[in-house]
Structures are given as C-alpha cells and as structure tokens.
Amino acid sequence: MTAESRSTAFQAVEKHGQDARATPKVRLRGVSKRFDTGVGKNARRFEAVKDVSFEVRDGEFLALVGPSGCGKTTILNLIAGFERPDEGEVFFEGRPVTGAGPDRLVIFQEHGLFPWLTVQRNVEFGLRVLGLDKHERRERAMHYLQMVHLTKFRRSYPFQLSGGMRQRTALARALAVEPQVLLMDEPFASLDPRTRDILHVELQSLWLQTHKTIVFVTHSVEEALRLSDRIVVLASQPGRVRHTLSVSLPHPRDFLDAALVEMRANILKEFEDELNILVKKEGDDDWRLEEGSISARPPRGVALGLGDGI
Amino acid sequence: MWLLVWETAFRLSGKEPWQFAPPSEVLSALWAGVADHTFLQALGRSLGRIGCGFGLALLLGTGMGFLLVHSRLCNWLAGPLVLGVQSLPSICWMPVAVLWFGLNERAILFVVLMGSVGSITMATRDGLRQIPVTYQRVASTFGASLTQRLLWVSLPAALPVFISGLKQGWSFAWRSLLAGELLYAVAGREGMGGLLTMARDLADYARMFAAMILIVCVSVLVDRVIFSRLEQHVRVRWGLAAR
C-alpha cells in the first residue's frame with residue numbers, strides 16, 4: 001500500500017469512529033446464555049455467557065477475543081439470531097433480534113460452502129434467495145468474485161479449492177448480499193499461517209472498500225490486534241467481558257510497532273491467569289505455567305511471527 | 001475361465017445333462033432364448049414391472065422419509081413401524097397381495113413396492129438427519145424460506161446418503177420382483193422369474209441356468225452402470241471421496 005492510501009485508510013477509521021456515536025449497529029444488554037450439557041445423571045447447566053454488555057458501532061471492526069470456552073461463538077450466535085438469550089437483550093439497529101437474516105451475515109470457520117455448487121453458484125446462493133434474476137445474479141457474483149480475485153475459478157467446485165480459496169469464496173458469497181454487518185466466527189482458524197496472512201491483508205482492504213461493520217471472533221490476540229479498531233477481551237467460565245480496548249492505529253499495521261507489542265503482552269498477561277485455571281483442570285495439581293512464559297515480549301529487533309504464534 | 005471350470009466339473013461329475021447342465025448347453029440355450037425373443041420379452045416385462053414398482057416406492061419412500069424427519073408425531077407413530085416392516089422379507093407380502101389384488105400384475109407391483117419402500121424411506125430419513133448444522137445455519141443467515149431451504153439445501157445435502165439407499169432399495173426391489181414372478185408365472189406374460197418357473201416345469205435345465213445368468217448380468221449391469229457411477233460422481237462432487 002502506498003503512503004497515500006495508508007493515510008486515506010487512517011481517515012476512514014477516524015470517520016467511522018465519529019458516525020458511530022449516533023446509533024450503535026449492534027448492542028448487547030446484560031445478555032446471559034446457559035446450555036444443558038450431559039444426559040441423565042451427568043446433566044448440568046453450563047453458563048456459557050453471563051451478563052455481557054457491549055456495543056458495535058457503524059462501520060467498526062470489532063474483535064471478540066478470549067481463551068477457548070469464553071463464549072465468544074455463543075455471543076456471535078446470539079447476534080446472528082441462531083440462539084436466543086436467557087436473560088438480557090440483543091439489539092440490531094435499535095430493534096431486538098428475533099431470528100437470523102441476511103442483514104447480519106455469518107461467515108463460519110468451516111466456510112459452509114455448498115459442495116454441490118460451483119464457486120459462482122455458491123456466491124449466487126444468497127442472491128437467489130433474495131429473488132434476483134439470472135442476469136443480475138451473475139453480474140453481482142462476478143463483481144464480488146473479482147474483489148476476492150477468484151473469477152478464474154468461478155466454475156470450480158469447493159473440493160477443488162484450497163482452504164484459503166474456500167474462505168475467500170465464502171467472503172464473496174457473504175458480501176454479495178450486501179449485509180449491514182458481517183459476523184465472522186474464527187474464519188481463518190483452520191488455515192496455515194501464510195494463507196492467513198494473505199487473508200488478513202485481503203480482509204482489511206475489503207473492509208476499507210466496503211465500510212462494513214464487522215464482528216470478528218478469534219482466540220488469537222495477534223489476529224485481533226492486526227485487524228480491529230476495538231477489541232472486547234473476554235474471560236471464561238462463565239463467559240464475560242473483561243474489558244474493551246481501542247486500537248487506533250492505521251491499517252495495514254506493522255507488528256514491530258511498539259504500541260502493538262505492548263498491547264499484546266498486556267492481553268496475554270491477562271490470559272495467563274486463565275490458562276493456569278485450564279492447566280489445573282487438564283493436568284496434575286503441581287503443573288503451573290512460569291510467570292511470563294507466554295506473555296513475554298520478544299527481544300528487541302525480532303519481529304513477532306504473526307500467525308506462527310497463533 | 002469360470003466357464004472352463006464349470007465344463008470340467010460337469011465332465012468329471014459324470015452326471016447327465018438334465019441333472020447338471022454344462023455351459024455349452026446353457027450358452028446355446030441362452031442364445032436360443034435371445035434369438036427367439038422370449039428372453040428379451042420377459043426381461044422387458046420384468047424391467048417394466050420393476051420400473052413401476054420402484055418408481056412408486058421412490059415417491060412414497062421419499063415422502064415418508066421427509067415426514068419422519070419433519071414431523072415428530074409421524075416419527076413417533078410410524079418410525080418403529082417402518083423399521084419393523086423393513087425387516088420382513090418382502091415375499092411374505094405375497095399372500096396378502098394375492099388376497100387384496102388377486103394373482104395379477106398389481107400383486108407383483110405391491111410386493112416390489114413393499115420390498116424397496118423401507119430402504120428408500122430410511123435413506124431419505126438418514127440423509128436428511130446427517131445434514132451438517134453449518135448448512136442449515138448458512139441457509140438461515142441468508143434468510144432462506146422453508147421451501148428454498150428444502151429444495152436448495154436439504155435435498156442436495158441429503159443426496160449422497162440417499163443414493164446409497166436407492167442402490168440398496170433397487171437390489172431389494174429386484175429380488176422381490178423375481179420372487180414374486182416365480183410364484184406368479186402365467187404363460188405369455190411371464191417375466192424373468194416366470195421364465196425360471198416355466199423352465200423348471202419343463203425340466204429344461206439349460207434354459208433355467210441361462211435365465212439365471214441373464215438375471216445376474218442385468219443386476220450387475222444396473223448396479224455398475226447406473227447406481228455405482230451415480231454414487232461415485234456424487235461422492236466426489238460432494239467432497240466425500242477422492243477421484
């Protein structure tokens with residue numbers, strides 16, 4: 001990216017930040033969700049999410065970060081409308097969420113492409129649901145396939161594509177219905193680090209082009225810091241908001257940036273307590289992580305292997 | 001190769017041709033049957049019957065499978081019944097069929113239907129039940145209606161399991177048909193099963209073996225050419241098998 005586009009990117013972030021204060025795109029108010037697990041004697045209620053409140057502003061890239069079991073996917077499912085909260089409420093543009101819909105489109109970890117459709121027909125799926133005619137469908141599909149650089153593969157089937165290509169197809173399919181909000185559930189978790197790097201760059205440029213509001217669930221602090229404007233850090237068992245922090249740095253981001261390294265170390269320090277709880281649960285009683293073994297800063301001059309550490 | 005073994009076995013056994021037909025006679029009987037059109041006519045009649053019976057089973061079974069998945073009441077009422085009926089060899093329906101329809105075409109169609117409808121129902125049910133949650137959620141997030149979801153997501157997603165069930169259903173239907181035709185063999189309207197009965201009655205063992213060879217050939221052909229190909233194609237496309 002040139003210096004010029006870099007500064008426009010920065011401005012875009014600034015501008016979004018200002019609009020936002022008016023009406024939050026998504027709002028969670030005191031949301032709790034419990035699940036029943038086990039059968040018969042082992043049956044018990046499991047508190048996935050407890051009293052979670054936060055807002056997502058218009059045009060914002062918000063990351064939900066937390067260790068496994070902190071209910072981040074549950075929160076995403078609540079916003080998507082796949083699940084209903086036991087307590088509290090979820091609002092989308094001021095109205096309570098009652099079900100799933102194409103205004104809050106979900107991108108899944110396992111891409112969720114239909115294997116019986118070609119890349120192009122997959123991208124057209126949402127447009128067929130909307131009732132667009134063949135010509136319009138084709139045009140829009142091609143537009144978004146171009147955006148993710150996949151027009152060459154439009155006649156391929158998902159089984160012929162690599163993991164990264166599948167996720168890009170899923171992205172094009174989602175963007176094609178022009179949703180208000182993109183909900184991304186660990187979309188890059190099963191990709192190799194290099195592919196993930198490419199998709200990070202791709203997603204940032206798509207976000208800057210389309211100004212979508214994005215809620216991005218990940219367990220990787222590095223990923224969240226690289227992509228988002230604001231990070232909601234979650235704690236586990238029960239899932240709750242630990243705190244929220246802003247990352248007001250221009251895109252694309254440099255991981256040698258002292259501010260990012262500092263933030264990363266701070267967040268990982270918090271997770272260390274959580275990991276010690278996990279270690280207790282999954283190992284011998286005397287197993288403890290050494291202080292700083294995970295959150296330690298890299299020595300000066302060594303780049304953070306983004307992705308490799310995820 | 002196997003023909004040679006067969007011929008040698010016949011020579012060594014020292015039996016008369018009417019006890020144990022040698023391949024040379026069987027092959028010439030097969031040729032004669034094909035040449036005078038009796039075999040092909042019988043085969044045509046059999047395939048016509050199975051086409052009707054299996055087609056009917058396809059409609060009924062698919063419908064019932066859908067009901068079992070989408071209606072809890074139906075599943076509770078009919079689920080165990082379908083399972084029970086499926087465990088009954090279909091030829092056991094023949095007496096009932098004769099009682100209801102008389103000894104005629106419809107009785108045979110009924111037996112074929114009963115033979116394959118269970119497999120198809122189960123295949124539809126299992127196919128629909130194994131659809132990954134992600135597909136359902138993709139349909140939801142795009143706001144698909146119930147019909148759209150059924151036609152564009154559930155049906156294609158269920159296809160691989162459904163086709164395997166279809167294959168099984170067809171082989172059940174084929175067996176039921178032959179069993180039915182063995183019992184219901186009327187001159188001039190006999191199918192492959194009827195041909196066997198007639199040949200036995202006339203003690204024409206070469207012809208009997210010839211008919212059996214034809215039956216096996218048809219089963220293998222239908223399985224290989226239609227169902228296995230279809231299954232493999234779908235499995236590859238659906239990402240379930242390597243090419």
# chains A, B, ... in the order shown; residues from 1 in each chain; ligands from 1
>>> closest_atom_pairs(of="chain B", to="chain A", cutoff="7 Å", atoms="only C-alpha atoms", output="JSON lines")
{"residue": "B:Thr134", "atom": "CA", "partner": "A:Gly112", "partner_atom": "CA", "distance": 5.8}
{"residue": "B:Tyr135", "atom": "CA", "partner": "A:Gly112", "partner_atom": "CA", "distance": 6.1}
{"residue": "B:Val138", "atom": "CA", "partner": "A:Gly112", "partner_atom": "CA", "distance": 6.6}
{"residue": "B:Ser140", "atom": "CA", "partner": "A:Ala100", "partner_atom": "CA", "distance": 5.7}
{"residue": "B:Thr141", "atom": "CA", "partner": "A:Gly101", "partner_atom": "CA", "distance": 4.8}
{"residue": "B:Phe142", "atom": "CA", "partner": "A:Pro102", "partner_atom": "CA", "distance": 4.6}
{"residue": "B:Gly143", "atom": "CA", "partner": "A:Gly101", "partner_atom": "CA", "distance": 4.7}
{"residue": "B:Ala144", "atom": "CA", "partner": "A:Val129", "partner_atom": "CA", "distance": 5.7}
{"residue": "B:Arg237", "atom": "CA", "partner": "A:Trp116", "partner_atom": "CA", "distance": 6.2}
{"residue": "B:Trp238", "atom": "CA", "partner": "A:Pro115", "partner_atom": "CA", "distance": 4.9}
{"residue": "B:Gly239", "atom": "CA", "partner": "A:Phe159", "partner_atom": "CA", "distance": 5.2}
>>> select_by_dssp(residues="region 42-192 of chain A", states="strand (DSSP E)", output="PyMOL selection string")
chain A and resi 44-56+61-65+87-92+95-96+104-107+181-185
>>> select_by_dssp(residues="region 52-213 of chain A", states="alpha helix (DSSP H)", output="PyMOL selection string")
chain A and resi 72-80+119-130+134-147+163-176+193-210
>>> residues_around(residues="Ile226 (chain B)", least_positions_apart="5", cutoff="12 Å", atoms="only C-alpha atoms", output="list in words")
Ile163, Ser164, Leu166, Lys167, Trp170, Val218, Ser219, Val220, Leu221, Glu231, Gln232 and His233 of chain B
>>> write_last_selection(atoms="C-alpha atoms", output="PDB file, in the first residue's frame")
ATOM      1  CA  ILE B 163     -28.283 -42.547  -3.379  1.00  0.00           C
ATOM      2  CA  SER B 164     -26.654 -45.305  -1.336  1.00  0.00           C
ATOM      3  CA  LEU B 166     -31.515 -46.051  -3.513  1.00  0.00           C
ATOM      4  CA  LYS B 167     -28.969 -48.622  -4.579  1.00  0.00           C
ATOM      5  CA  TRP B 170     -33.151 -51.281  -6.034  1.00  0.00           C
ATOM      6  CA  VAL B 218     -28.849 -57.419 -15.502  1.00  0.00           C
ATOM      7  CA  SER B 219     -28.318 -56.879 -11.756  1.00  0.00           C
ATOM      8  CA  VAL B 220     -24.603 -56.292 -12.193  1.00  0.00           C
ATOM      9  CA  LEU B 221     -25.163 -54.016 -15.157  1.00  0.00           C
ATOM     10  CA  GLU B 231     -22.813 -42.726  -6.256  1.00  0.00           C
ATOM     11  CA  GLN B 232     -19.172 -42.169  -7.140  1.00  0.00           C
ATOM     12  CA  HIS B 233     -19.930 -38.997  -9.066  1.00  0.00           C
TER      13      HIS B 233
END
>>> atom_distance(atom1="CA of Pro24 (chain A)", atom2="CA of Arg57 (chain A)")
4.6 Å
